[in-house]
Amino acid sequence: MSKSFDVLTFGGHRYQMVEGNLKWNEAYDKAKAMGGTLAVITTREESDQLTAALNGKVPVGGAWIGGVMKDESTWSWVTGESFDFKRWANGQPDRSGRNLIMTATGGWDDAPAAMPRSCYIVEWNDGGTAKPAPLAAASAGVVNLLALVDVKKDAVKGKWLTRPEGLQAQTETIDGKLQPYQVLGFNQSVPEEYDFEIEFTLQNGNRDVMQVLPSPNGAILWRMQVPNPGVTVCGFGPKLDGKDISEAGRTEAVAKAATFQMGQHHRSLVEVRKGSLRALLDGKEIVKWSGDFKRFASDERFILPDARHPGIACFNTITTFHKAELRPPGGVTGAAVKPAPSATTMPAVPPPSSAPAGPGWMDLMAIADPEKDAEIGLWRREGAGLIGNQDEANKDHPLLALPATVTGSYELELEFTRHGPAGTVSVLLPLDGDRIVTAYLQEFTPFAGLAHVRGKNTRDQGNPTRVPQRLENGKRYRARIQVTLKDANADINVTLENQPLFRYQGPASDLSSKRQQSSLKKGVELDIDRPALESIDPVTWHACWLRPLEGGRVAPVRGDASMGAAGGVVLAMSPLIANDPRLAQLDAGYQVRYESDARKPFLAALASLNQSYVANGISRARAAAQAKGSLSEVTTLDAEKTAIEKGSGVPAEDAADTPESLKALRGTYRGALAKITAERDARAAPLHSLYLKALDVYVAELTKAGKIDEAKKVQTLREAKAMQKPGEEAREAPQPASNAAAPKTAKKIFNGANTEGWRYQGPQEAFVVEDGCIKATGPRGNLMFMGNRDVSPIMKDFDLSMKVKTEGSANSGVFVHCRRNNDGASFGNALEVQIANENKDPQKTGSFWSVQPVDSLVVHDGEWFDFRIIVRGMTITSFINGKQVNEWTQPADWKDAPGKPEAKLGEGTIGLQSNGGTVWFKDIEIAVPK
């Protein structure tokens with residue numbers, strides 16, 4: 001049972017710290033269940049009192065309080081109150097999280113919501129009693145009207161729902177008849193003069209929103225409506241001197257404004273004074289009127305039970321009201337009146353989404369860019385998430401490619417809210433670079449399921465994944481999609497609200513292909529390795545998390561900032577970590593600390609470097625080149641600027657024809673990059689050391705408990721981690737902008753004219769030199785590198801690159817660490833990096849044959865591709881066209897691979913294989929560390 005500390009009473013509020021190892025969202029829910037909220041600290045006096053009362057009691061890890069980061073720079077309290085007073089601890093905030101803890105010294109620290117804290121602080125605004133304290137009258141300050149709402153009591157017409165985003169109005173059907181009006185009154189009287197402000201988002205329907213204004217002579221409406229396309233007519237009414245707002249000849253107390261856009265956030269403020277009314281929409285004055293209020297006529301459709309109360313109304317629309325506030329004339333938004341929390345109180349700022357449980361999750365919403373990632377429609381930020389709307393020009397479905405690529409098996413977790421009647425909400429799922437399948441969480445039919453299973457859509461009864469499904473408008477849902485690929489089969493499992501929705505298990509070839517998917521998108525060519533979000537009506541995607549499953553990999557298409565030469569984080573899920581909660585916890589803790597302490601400062605410095613490189617270096621060099629009339633230099637500098645802006649970065653080496661001005665700029669850039677990279681590694685080093693020590697402790701515990709096999713596995717993992725540089729546990733991709741480009745120290749090991757420096761093993765006709773290439777002609781044989789004046793044939797670590805093309809369903813490979821047989825002349829078996837594109841062998845190019853396969857087809861026969869192999873210690877990595885496709889760390893107790901004796905890392909030379917079909921090799925280069 002949770003321990004509770006003494007209760008502090010201060011300023012009519014009660015505070016209590018409660019024990020409980022909870023994430024921020026869990027603590028938020030617990031506080032609400034107790035009739036309170038997480039503590040909201042708005043004054044120095046309040047902070048001092050709380051710090052003194054809890055002196056020596058707040059744990060080292062801090063206690064959750066009710067602060068939330070709304071966007072990248074703005075903080076707010078869960079009650080919607082202004083974040084004017086701040087008490088940051090030394091060195092905070094450091095952007096390590098989006099929620100607040102109070103530290104042991106009373107200062108504040110931003111922290112990740114997903115990392116549990118052992119305590120949280122609850123606040124009640126009840127004057128020390130069990131009943132909520134009555135709200136102050138408007139003349140005493142600001143009244144948060146949404147906090148007063150009890151939809152069962154206050155709804156007059158229509159359907160009203162409390163949502164995390166606010167109060168939502170929906171249309172309702174009674175006895176088969178549509179009830180188009182939605183009316184709700186607030187249980188708060190108004191003085192003779194007041195300001196009444198609302199914030200809202202139209203999500204579907206007629207775009208007609210109203211404020212109901214009490215006056216001595218009856219209710220007056222401030223109505224915002226669209227009677228004709230393209231024009232918003234606003235006015236006070238409903239009638240003035242008998243004329244309706246939109247009636248011909250009505251010119252008084254009405255005006256035209258820009259048309260509302262679905263999904264756009266609007267703010268409406270009405271100032272009511274003796275004998276005058278003034279309305280502002282989105283900060284702009286729309287109507288100013290003065291006269292006798294008796295000239296207005298009331299409308300019985302909008303009469304509230306208590307004529308002294310204000311209200312809100314809609315006509316045939318779905319609208320979410322994020323704010324409704326009453327304040328005295330000239331009052332300042334955010335004055336310190338705290339409404340009493342209750343079961344119906346809605347926070348003005350919804351709690352942020354927490355990362356799903358387990359290691360390896362990538363927050364895609366944090367790096368999504370509406371401008372760069374939107375394929376179709378109008379996309380914009382909404383809080384920490386995104387909302388997509390139809391583009392009026394093409395009327396096609398909003399479609400956004402998520403900012404990450406996936407290879408192999410992976411898992412998505414999403415949170416979303418639908419805002420419209422059409423219903424369709426879907427996620428596009430890549431299947432190993434071969435095809436894309438659409439998973440409908442609901443199609444307009446209304447059914448859920450996968451599109452095009454054996455040619456059947458969710459509308460067709462023959463689709464085995466088809467299930468009845470109807471999503472509720474305005475409700476926030478959480479969905480999880482697991483995509484497991486093995487051999488030629490796919491297992492796609494979809495759950496909604498932790499309940500099974502549908503599942504497909506069968507051949508991947510029975511699902512829709514890239515060609516089919518492209519045609520559905522009216523010519524939009526989708527990235528076949530990036531998941532995507534799609535809908536018909538507006539949908540708010542609050543959160544999207546992605547992680548690899550066993551054997552899979554995920555990588556961002558860019559980082560938090562312009563990534564330059566840094567690359568992004570490539571995540572690969574270790575089965576050992578995934579299946580051991582202790583290891584998962586250690587790994588997740590390390591990842592969080594590395595991200596906050598090392599990587600984020602590095603990315604910020606990198607963004608600054610890139611900005612300076614473009615704005616100062618390139619722009620000045622371009623101006624000089626233009627002044628001297630050098631078109632080629634100007635063109636090259638423009639291309640460099642574009643590459644940096646796209647996140648490609650500066651190449652590791654300069655081409656022979658690179659202008660001297662650009663060589664000088666790149667030299668300065670590389671020096672600065674090396675410096676900030678060294679700073680990142682220095683920050684990561686102590687974290688890496690702590691991680692290894694924690695693994696040592698775990699090995700010792702397992703050994704003492706007699707779990708020797710488990711201890712050996714953890715020890716192997718520990719040894720592999722120890723061989724990596726600090727920070728490599730986060731799986732950072734190699735630094736050069738083009739992973740296929742050879743490093744600056746690379747040496748050619750094929751001269752393009754003959755096989756000097758190579759030895760045939762097997763029939764000599766298996767390899768010929770043709771058109772500057774080594775051509776493997778098909779007969780089974782090997783060509784072994786025997787060394788030259790620059791490169792020894794005996795090597796451990798190396799970086800090998802080449803260009804390769806396969807023809808005729810060829811099968812080939814590159815042997816690594818080949819060792820001589822006892823005869824001193826021939827070579828035995830070695831670890832093989834597979835080359836097989838359209839060959840029937842299921843182990844495709846980039847596989848470590850019989851050791852760790854890759855079953856996805858990345859390139860096709862007849863296509864030249866860049867092939868790169870890196871060996872560092874006991875880790876080998878393969879790349880195709882700059883993209884990592886495989887990586888394996890040899891365990892300490894490694895014996896032999898099945899059917900492939902001596903397939904192991906150690907030392908030796910390299911070799912090329914001919915094993916059927918035709919394979920071309922050229923530009924073969926290798927870099928060996930000295």
# chains A, B, ... in the order shown; residues from 1 in each chain; ligands from 1
$ residues_around --residues "stretch 48-57 of chain A" --least-positions-apart "4" --cutoff "10 Å" --atoms "only C-alpha atoms" --output "list in words"
Phe5, Asp6, Val7, Leu8, Thr9, Phe10, Tyr15, Gln16, Met17, Ala39, Ile41, Thr43, Arg44, Gly62, Ala63, Met102, Thr103, Ala104, Thr105, Gly106, Gly107, Cys119 and Ile121 of chain A
$ write_last_selection --atoms "N, CA, C and O atoms" --output "short mmCIF file (atom, residue, chain, number, x, y, z; two decimals), in the first residue's frame"
data_model
loop_
_atom_site.label_atom_id
_atom_site.label_comp_id
_atom_site.auth_asym_id
_atom_site.auth_seq_id
_atom_site.Cartn_x
_atom_site.Cartn_y
_atom_site.Cartn_z
N PHE A 5 2.44 11.04 3.11
CA PHE A 5 3.09 11.90 4.09
C PHE A 5 2.06 12.87 4.67
O PHE A 5 0.89 12.89 4.31
N ASP A 6 2.51 13.70 5.61
CA ASP A 6 1.62 14.66 6.27
C ASP A 6 1.02 15.61 5.23
O ASP A 6 1.61 15.93 4.20
N VAL A 7 -0.18 16.11 5.57
CA VAL A 7 -0.88 17.04 4.69
C VAL A 7 -0.49 18.47 5.06
O VAL A 7 -0.50 18.85 6.24
N LEU A 8 -0.14 19.26 4.05
CA LEU A 8 0.13 20.68 4.22
C LEU A 8 -1.07 21.47 3.73
O LEU A 8 -1.60 21.18 2.66
N THR A 9 -1.54 22.44 4.51
CA THR A 9 -2.60 23.33 4.07
C THR A 9 -2.03 24.73 3.94
O THR A 9 -1.39 25.25 4.85
N PHE A 10 -2.26 25.31 2.75
CA PHE A 10 -1.73 26.65 2.49
C PHE A 10 -2.60 27.34 1.45
O PHE A 10 -2.89 26.79 0.40
N TYR A 15 -1.90 19.88 0.21
CA TYR A 15 -0.85 19.20 -0.54
C TYR A 15 -0.42 17.96 0.24
O TYR A 15 -0.36 17.98 1.47
N GLN A 16 -0.11 16.91 -0.50
CA GLN A 16 0.35 15.69 0.15
C GLN A 16 1.25 14.92 -0.81
O GLN A 16 0.90 14.73 -1.98
N MET A 17 2.42 14.50 -0.32
CA MET A 17 3.28 13.65 -1.12
C MET A 17 2.92 12.20 -0.85
O MET A 17 2.72 11.79 0.30
N ALA A 39 0.48 18.54 -8.19
CA ALA A 39 0.66 19.88 -7.63
C ALA A 39 1.00 20.91 -8.71
O ALA A 39 1.81 20.66 -9.59
N ILE A 41 2.28 24.78 -8.90
CA ILE A 41 2.97 25.73 -8.02
C ILE A 41 3.15 27.04 -8.79
O ILE A 41 4.00 27.14 -9.67
N THR A 43 3.32 30.38 -7.30
CA THR A 43 3.90 31.54 -6.61
C THR A 43 5.11 31.09 -5.79
O THR A 43 5.25 29.91 -5.43
N ARG A 44 6.00 32.04 -5.49
CA ARG A 44 7.17 31.73 -4.67
C ARG A 44 6.75 31.31 -3.27
O ARG A 44 7.35 30.39 -2.69
N GLY A 62 13.42 12.73 -7.01
CA GLY A 62 12.39 13.75 -7.17
C GLY A 62 10.98 13.18 -7.11
O GLY A 62 10.77 11.97 -7.07
N ALA A 63 10.00 14.08 -7.08
CA ALA A 63 8.58 13.71 -7.02
C ALA A 63 7.84 14.42 -8.15
O ALA A 63 8.08 15.59 -8.43
N MET A 102 9.72 17.76 -8.73
CA MET A 102 10.30 18.63 -7.72
C MET A 102 11.44 17.87 -7.08
O MET A 102 11.27 16.73 -6.64
N THR A 103 12.62 18.49 -7.03
CA THR A 103 13.80 17.81 -6.51
C THR A 103 13.81 17.88 -4.97
O THR A 103 12.98 18.55 -4.35
N ALA A 104 14.79 17.21 -4.39
CA ALA A 104 14.91 17.17 -2.94
C ALA A 104 15.16 18.55 -2.33
O ALA A 104 14.85 18.78 -1.16
N THR A 105 15.68 19.48 -3.13
CA THR A 105 15.95 20.83 -2.63
C THR A 105 14.84 21.81 -2.97
O THR A 105 14.98 23.01 -2.69
N GLY A 106 13.77 21.33 -3.62
CA GLY A 106 12.64 22.19 -3.95
C GLY A 106 12.67 22.77 -5.35
O GLY A 106 11.69 23.38 -5.79
N GLY A 107 13.79 22.62 -6.05
CA GLY A 107 13.86 23.10 -7.43
C GLY A 107 13.12 22.16 -8.37
O GLY A 107 12.68 21.08 -7.99
N CYS A 119 7.74 8.95 -5.89
CA CYS A 119 6.75 9.77 -5.18
C CYS A 119 6.08 10.74 -6.15
O CYS A 119 6.64 11.07 -7.21
N ILE A 121 3.28 14.42 -5.86
CA ILE A 121 2.65 15.37 -4.95
C ILE A 121 1.26 15.72 -5.47
O ILE A 121 1.11 16.15 -6.62
#
$ select_by_dssp --residues "stretch 755-861 of chain A" --states "strand (DSSP E or B)" --output "ChimeraX atom specification"
/A:758-761,767-770,773-776,781-785,795,798-807,812-818,820,827,831-835,848,852
$ write_last_selection --atoms "C-alpha atoms" --output "CSV table (one decimal), in the first residue's frame"
chain,number,residue,atom,x,y,z
A,758,TRP,CA,44.9,-12.1,-56.6
A,759,ARG,CA,45.0,-16.0,-56.8
A,760,TYR,CA,42.6,-18.3,-58.5
A,761,GLN,CA,41.2,-21.2,-56.4
A,767,PHE,CA,36.8,-15.2,-63.2
A,768,VAL,CA,37.8,-12.9,-66.1
A,769,VAL,CA,38.7,-9.3,-66.4
A,770,GLU,CA,36.3,-7.4,-68.7
A,773,CYS,CA,35.7,-5.2,-64.0
A,774,ILE,CA,36.3,-8.6,-62.4
A,775,LYS,CA,33.6,-10.8,-63.9
A,776,ALA,CA,32.5,-14.0,-62.0
A,781,GLY,CA,35.5,-21.0,-57.8
A,782,ASN,CA,37.1,-18.4,-55.7
A,783,LEU,CA,39.5,-15.5,-56.3
A,784,MET,CA,41.6,-14.7,-53.2
A,785,PHE,CA,43.4,-11.4,-52.5
A,795,MET,CA,44.1,-8.2,-41.7
A,798,PHE,CA,39.1,-3.3,-42.3
A,799,ASP,CA,36.6,-1.3,-44.3
A,800,LEU,CA,36.0,-2.8,-47.8
A,801,SER,CA,33.9,-1.2,-50.5
A,802,MET,CA,33.1,-2.1,-54.1
A,803,LYS,CA,30.5,-1.7,-56.8
A,804,VAL,CA,28.6,-4.9,-57.7
A,805,LYS,CA,26.1,-6.0,-60.4
A,806,THR,CA,24.4,-9.4,-60.6
A,807,GLU,CA,22.8,-11.0,-63.7
A,812,SER,CA,28.2,-15.1,-55.2
A,813,GLY,CA,29.8,-13.6,-52.1
A,814,VAL,CA,32.7,-12.0,-50.4
A,815,PHE,CA,34.8,-14.2,-48.0
A,816,VAL,CA,36.1,-12.5,-44.9
A,817,HIS,CA,39.2,-13.5,-42.8
A,818,CYS,CA,40.1,-16.4,-45.1
A,820,ARG,CA,45.3,-20.8,-45.5
A,827,PHE,CA,42.3,-21.4,-48.4
A,831,LEU,CA,32.7,-16.2,-43.1
A,832,GLU,CA,30.8,-15.3,-46.3
A,833,VAL,CA,28.9,-12.1,-46.9
A,834,GLN,CA,26.3,-13.2,-49.4
A,835,ILE,CA,25.6,-11.7,-52.8
A,848,PHE,CA,26.3,-13.5,-43.2
A,852,GLN,CA,22.8,-14.2,-39.7
$ residues_around --residues "A:Asn217" --least-positions-apart "3" --cutoff "9 Å" --atoms "only C-alpha atoms" --output "ChimeraX atom specification"
/A:214,220,293-294,296-298
$ write_last_selection --atoms "N, CA and C atoms" --output "mmCIF file, in the first residue's frame"
data_model
loop_
_atom_site.group_PDB
_atom_site.id
_atom_site.type_symbol
_atom_site.label_atom_id
_atom_site.label_comp_id
_atom_site.auth_asym_id
_atom_site.auth_seq_id
_atom_site.Cartn_x
_atom_site.Cartn_y
_atom_site.Cartn_z
ATOM 1 N N PRO A 214 -25.208 36.195 -21.680
ATOM 2 C CA PRO A 214 -26.304 36.721 -20.850
ATOM 3 C C PRO A 214 -26.315 38.254 -20.894
ATOM 4 N N ILE A 220 -27.959 36.937 -25.889
ATOM 5 C CA ILE A 220 -27.501 37.397 -27.185
ATOM 6 C C ILE A 220 -26.503 36.366 -27.710
ATOM 7 N N PHE A 293 -29.528 47.048 -26.057
ATOM 8 C CA PHE A 293 -29.612 45.597 -26.142
ATOM 9 C C PHE A 293 -31.032 45.109 -26.414
ATOM 10 N N LYS A 294 -32.042 45.945 -26.157
ATOM 11 C CA LYS A 294 -33.431 45.539 -26.389
ATOM 12 C C LYS A 294 -33.709 45.315 -27.876
ATOM 13 N N PHE A 296 -32.058 43.414 -29.748
ATOM 14 C CA PHE A 296 -31.799 42.015 -30.077
ATOM 15 C C PHE A 296 -32.975 41.149 -29.652
ATOM 16 N N ALA A 297 -33.296 40.148 -30.478
ATOM 17 C CA ALA A 297 -34.360 39.185 -30.154
ATOM 18 C C ALA A 297 -33.716 37.842 -29.822
ATOM 19 N N SER A 298 -34.200 37.177 -28.790
ATOM 20 C CA SER A 298 -33.687 35.859 -28.403
ATOM 21 C C SER A 298 -34.230 34.785 -29.329
#
$ decode --residues "stretch 407-442 of chain A" --atoms "N, CA and C atoms" --output "mmCIF file, in the first residue's frame"
data_model
loop_
_atom_site.group_PDB
_atom_site.id
_atom_site.type_symbol
_atom_site.label_atom_id
_atom_site.label_comp_id
_atom_site.auth_asym_id
_atom_site.auth_seq_id
_atom_site.Cartn_x
_atom_site.Cartn_y
_atom_site.Cartn_z
ATOM 1 N N THR A 407 13.518 -2.236 -41.638
ATOM 2 C CA THR A 407 13.984 -3.442 -42.307
ATOM 3 C C THR A 407 13.653 -4.619 -41.419
ATOM 4 N N GLY A 408 13.049 -5.640 -41.973
ATOM 5 C CA GLY A 408 12.710 -6.806 -41.179
ATOM 6 C C GLY A 408 11.516 -6.554 -40.279
ATOM 7 N N SER A 409 11.517 -7.171 -39.100
ATOM 8 C CA SER A 409 10.369 -7.110 -38.188
ATOM 9 C C SER A 409 10.418 -5.853 -37.329
ATOM 10 N N TYR A 410 9.233 -5.318 -37.037
ATOM 11 C CA TYR A 410 9.168 -4.087 -36.255
ATOM 12 C C TYR A 410 7.797 -3.970 -35.587
ATOM 13 N N GLU A 411 7.673 -2.936 -34.763
ATOM 14 C CA GLU A 411 6.452 -2.730 -33.982
ATOM 15 C C GLU A 411 6.163 -1.237 -33.909
ATOM 16 N N LEU A 412 4.909 -0.873 -34.134
ATOM 17 C CA LEU A 412 4.450 0.508 -34.039
ATOM 18 C C LEU A 412 3.427 0.627 -32.924
ATOM 19 N N GLU A 413 3.495 1.724 -32.186
ATOM 20 C CA GLU A 413 2.416 2.053 -31.248
ATOM 21 C C GLU A 413 1.991 3.491 -31.513
ATOM 22 N N LEU A 414 0.672 3.697 -31.659
ATOM 23 C CA LEU A 414 0.140 4.986 -32.063
ATOM 24 C C LEU A 414 -0.981 5.422 -31.138
ATOM 25 N N GLU A 415 -1.095 6.743 -30.964
ATOM 26 C CA GLU A 415 -2.261 7.326 -30.304
ATOM 27 C C GLU A 415 -2.871 8.340 -31.260
ATOM 28 N N PHE A 416 -4.199 8.300 -31.403
ATOM 29 C CA PHE A 416 -4.839 9.166 -32.381
ATOM 30 C C PHE A 416 -6.274 9.480 -31.962
ATOM 31 N N THR A 417 -6.792 10.572 -32.527
ATOM 32 C CA THR A 417 -8.192 10.969 -32.338
ATOM 33 C C THR A 417 -8.763 11.316 -33.703
ATOM 34 N N ARG A 418 -9.883 10.703 -34.038
ATOM 35 C CA ARG A 418 -10.533 10.975 -35.320
ATOM 36 C C ARG A 418 -11.542 12.102 -35.161
ATOM 37 N N HIS A 419 -11.675 12.943 -36.214
ATOM 38 C CA HIS A 419 -12.563 14.102 -36.131
ATOM 39 C C HIS A 419 -13.471 14.179 -37.356
ATOM 40 N N GLY A 420 -14.242 13.186 -37.630
ATOM 41 C CA GLY A 420 -15.116 13.300 -38.792
ATOM 42 C C GLY A 420 -15.905 12.041 -39.041
ATOM 43 N N PRO A 421 -16.925 12.110 -39.916
ATOM 44 C CA PRO A 421 -17.839 10.995 -40.107
ATOM 45 C C PRO A 421 -17.366 9.933 -41.078
ATOM 46 N N ALA A 422 -16.414 10.263 -41.993
ATOM 47 C CA ALA A 422 -16.068 9.311 -43.046
ATOM 48 C C ALA A 422 -15.400 8.062 -42.488
ATOM 49 N N GLY A 423 -14.641 8.230 -41.431
ATOM 50 C CA GLY A 423 -14.201 7.069 -40.668
ATOM 51 C C GLY A 423 -12.845 6.511 -40.973
ATOM 52 N N THR A 424 -12.358 6.619 -42.196
ATOM 53 C CA THR A 424 -11.142 5.897 -42.559
ATOM 54 C C THR A 424 -9.912 6.412 -41.812
ATOM 55 N N VAL A 425 -9.262 5.510 -41.096
ATOM 56 C CA VAL A 425 -7.993 5.770 -40.428
ATOM 57 C C VAL A 425 -7.103 4.573 -40.733
ATOM 58 N N SER A 426 -5.922 4.813 -41.315
ATOM 59 C CA SER A 426 -5.098 3.686 -41.737
ATOM 60 C C SER A 426 -3.624 3.977 -41.547
ATOM 61 N N VAL A 427 -2.852 2.884 -41.502
ATOM 62 C CA VAL A 427 -1.397 2.940 -41.379
ATOM 63 C C VAL A 427 -0.816 2.092 -42.494
ATOM 64 N N LEU A 428 0.137 2.631 -43.229
ATOM 65 C CA LEU A 428 0.793 1.908 -44.314
ATOM 66 C C LEU A 428 2.049 1.245 -43.776
ATOM 67 N N LEU A 429 2.162 -0.061 -44.008
ATOM 68 C CA LEU A 429 3.204 -0.872 -43.382
ATOM 69 C C LEU A 429 4.146 -1.442 -44.442
ATOM 70 N N PRO A 430 5.431 -1.070 -44.412
ATOM 71 C CA PRO A 430 6.397 -1.683 -45.335
ATOM 72 C C PRO A 430 6.676 -3.129 -44.928
ATOM 73 N N LEU A 431 6.884 -3.966 -45.936
ATOM 74 C CA LEU A 431 7.243 -5.354 -45.698
ATOM 75 C C LEU A 431 8.599 -5.619 -46.345
ATOM 76 N N ASP A 432 9.652 -5.245 -45.644
ATOM 77 C CA ASP A 432 11.028 -5.573 -46.006
ATOM 78 C C ASP A 432 11.423 -5.092 -47.385
ATOM 79 N N GLY A 433 11.033 -3.878 -47.734
ATOM 80 C CA GLY A 433 11.462 -3.299 -48.996
ATOM 81 C C GLY A 433 10.839 -3.937 -50.217
ATOM 82 N N ASP A 434 9.862 -4.825 -50.022
ATOM 83 C CA ASP A 434 9.271 -5.570 -51.139
ATOM 84 C C ASP A 434 7.890 -5.049 -51.501
ATOM 85 N N ARG A 435 7.133 -4.610 -50.497
ATOM 86 C CA ARG A 435 5.768 -4.172 -50.745
ATOM 87 C C ARG A 435 5.282 -3.357 -49.549
ATOM 88 N N ILE A 436 4.159 -2.679 -49.743
ATOM 89 C CA ILE A 436 3.514 -1.909 -48.680
ATOM 90 C C ILE A 436 2.083 -2.411 -48.550
ATOM 91 N N VAL A 437 1.653 -2.639 -47.326
ATOM 92 C CA VAL A 437 0.275 -3.064 -47.098
ATOM 93 C C VAL A 437 -0.415 -2.038 -46.216
ATOM 94 N N THR A 438 -1.672 -1.764 -46.493
ATOM 95 C CA THR A 438 -2.450 -0.799 -45.707
ATOM 96 C C THR A 438 -3.234 -1.522 -44.629
ATOM 97 N N ALA A 439 -3.030 -1.100 -43.385
ATOM 98 C CA ALA A 439 -3.793 -1.625 -42.257
ATOM 99 C C ALA A 439 -4.846 -0.600 -41.888
ATOM 100 N N TYR A 440 -6.120 -0.940 -42.121
ATOM 101 C CA TYR A 440 -7.214 -0.047 -41.774
ATOM 102 C C TYR A 440 -7.610 -0.270 -40.311
ATOM 103 N N LEU A 441 -7.449 0.768 -39.482
ATOM 104 C CA LEU A 441 -8.010 0.709 -38.130
ATOM 105 C C LEU A 441 -9.512 0.918 -38.207
ATOM 106 N N GLN A 442 -9.963 1.591 -39.220
ATOM 107 C CA GLN A 442 -11.351 1.579 -39.679
ATOM 108 C C GLN A 442 -11.388 2.132 -41.089
#
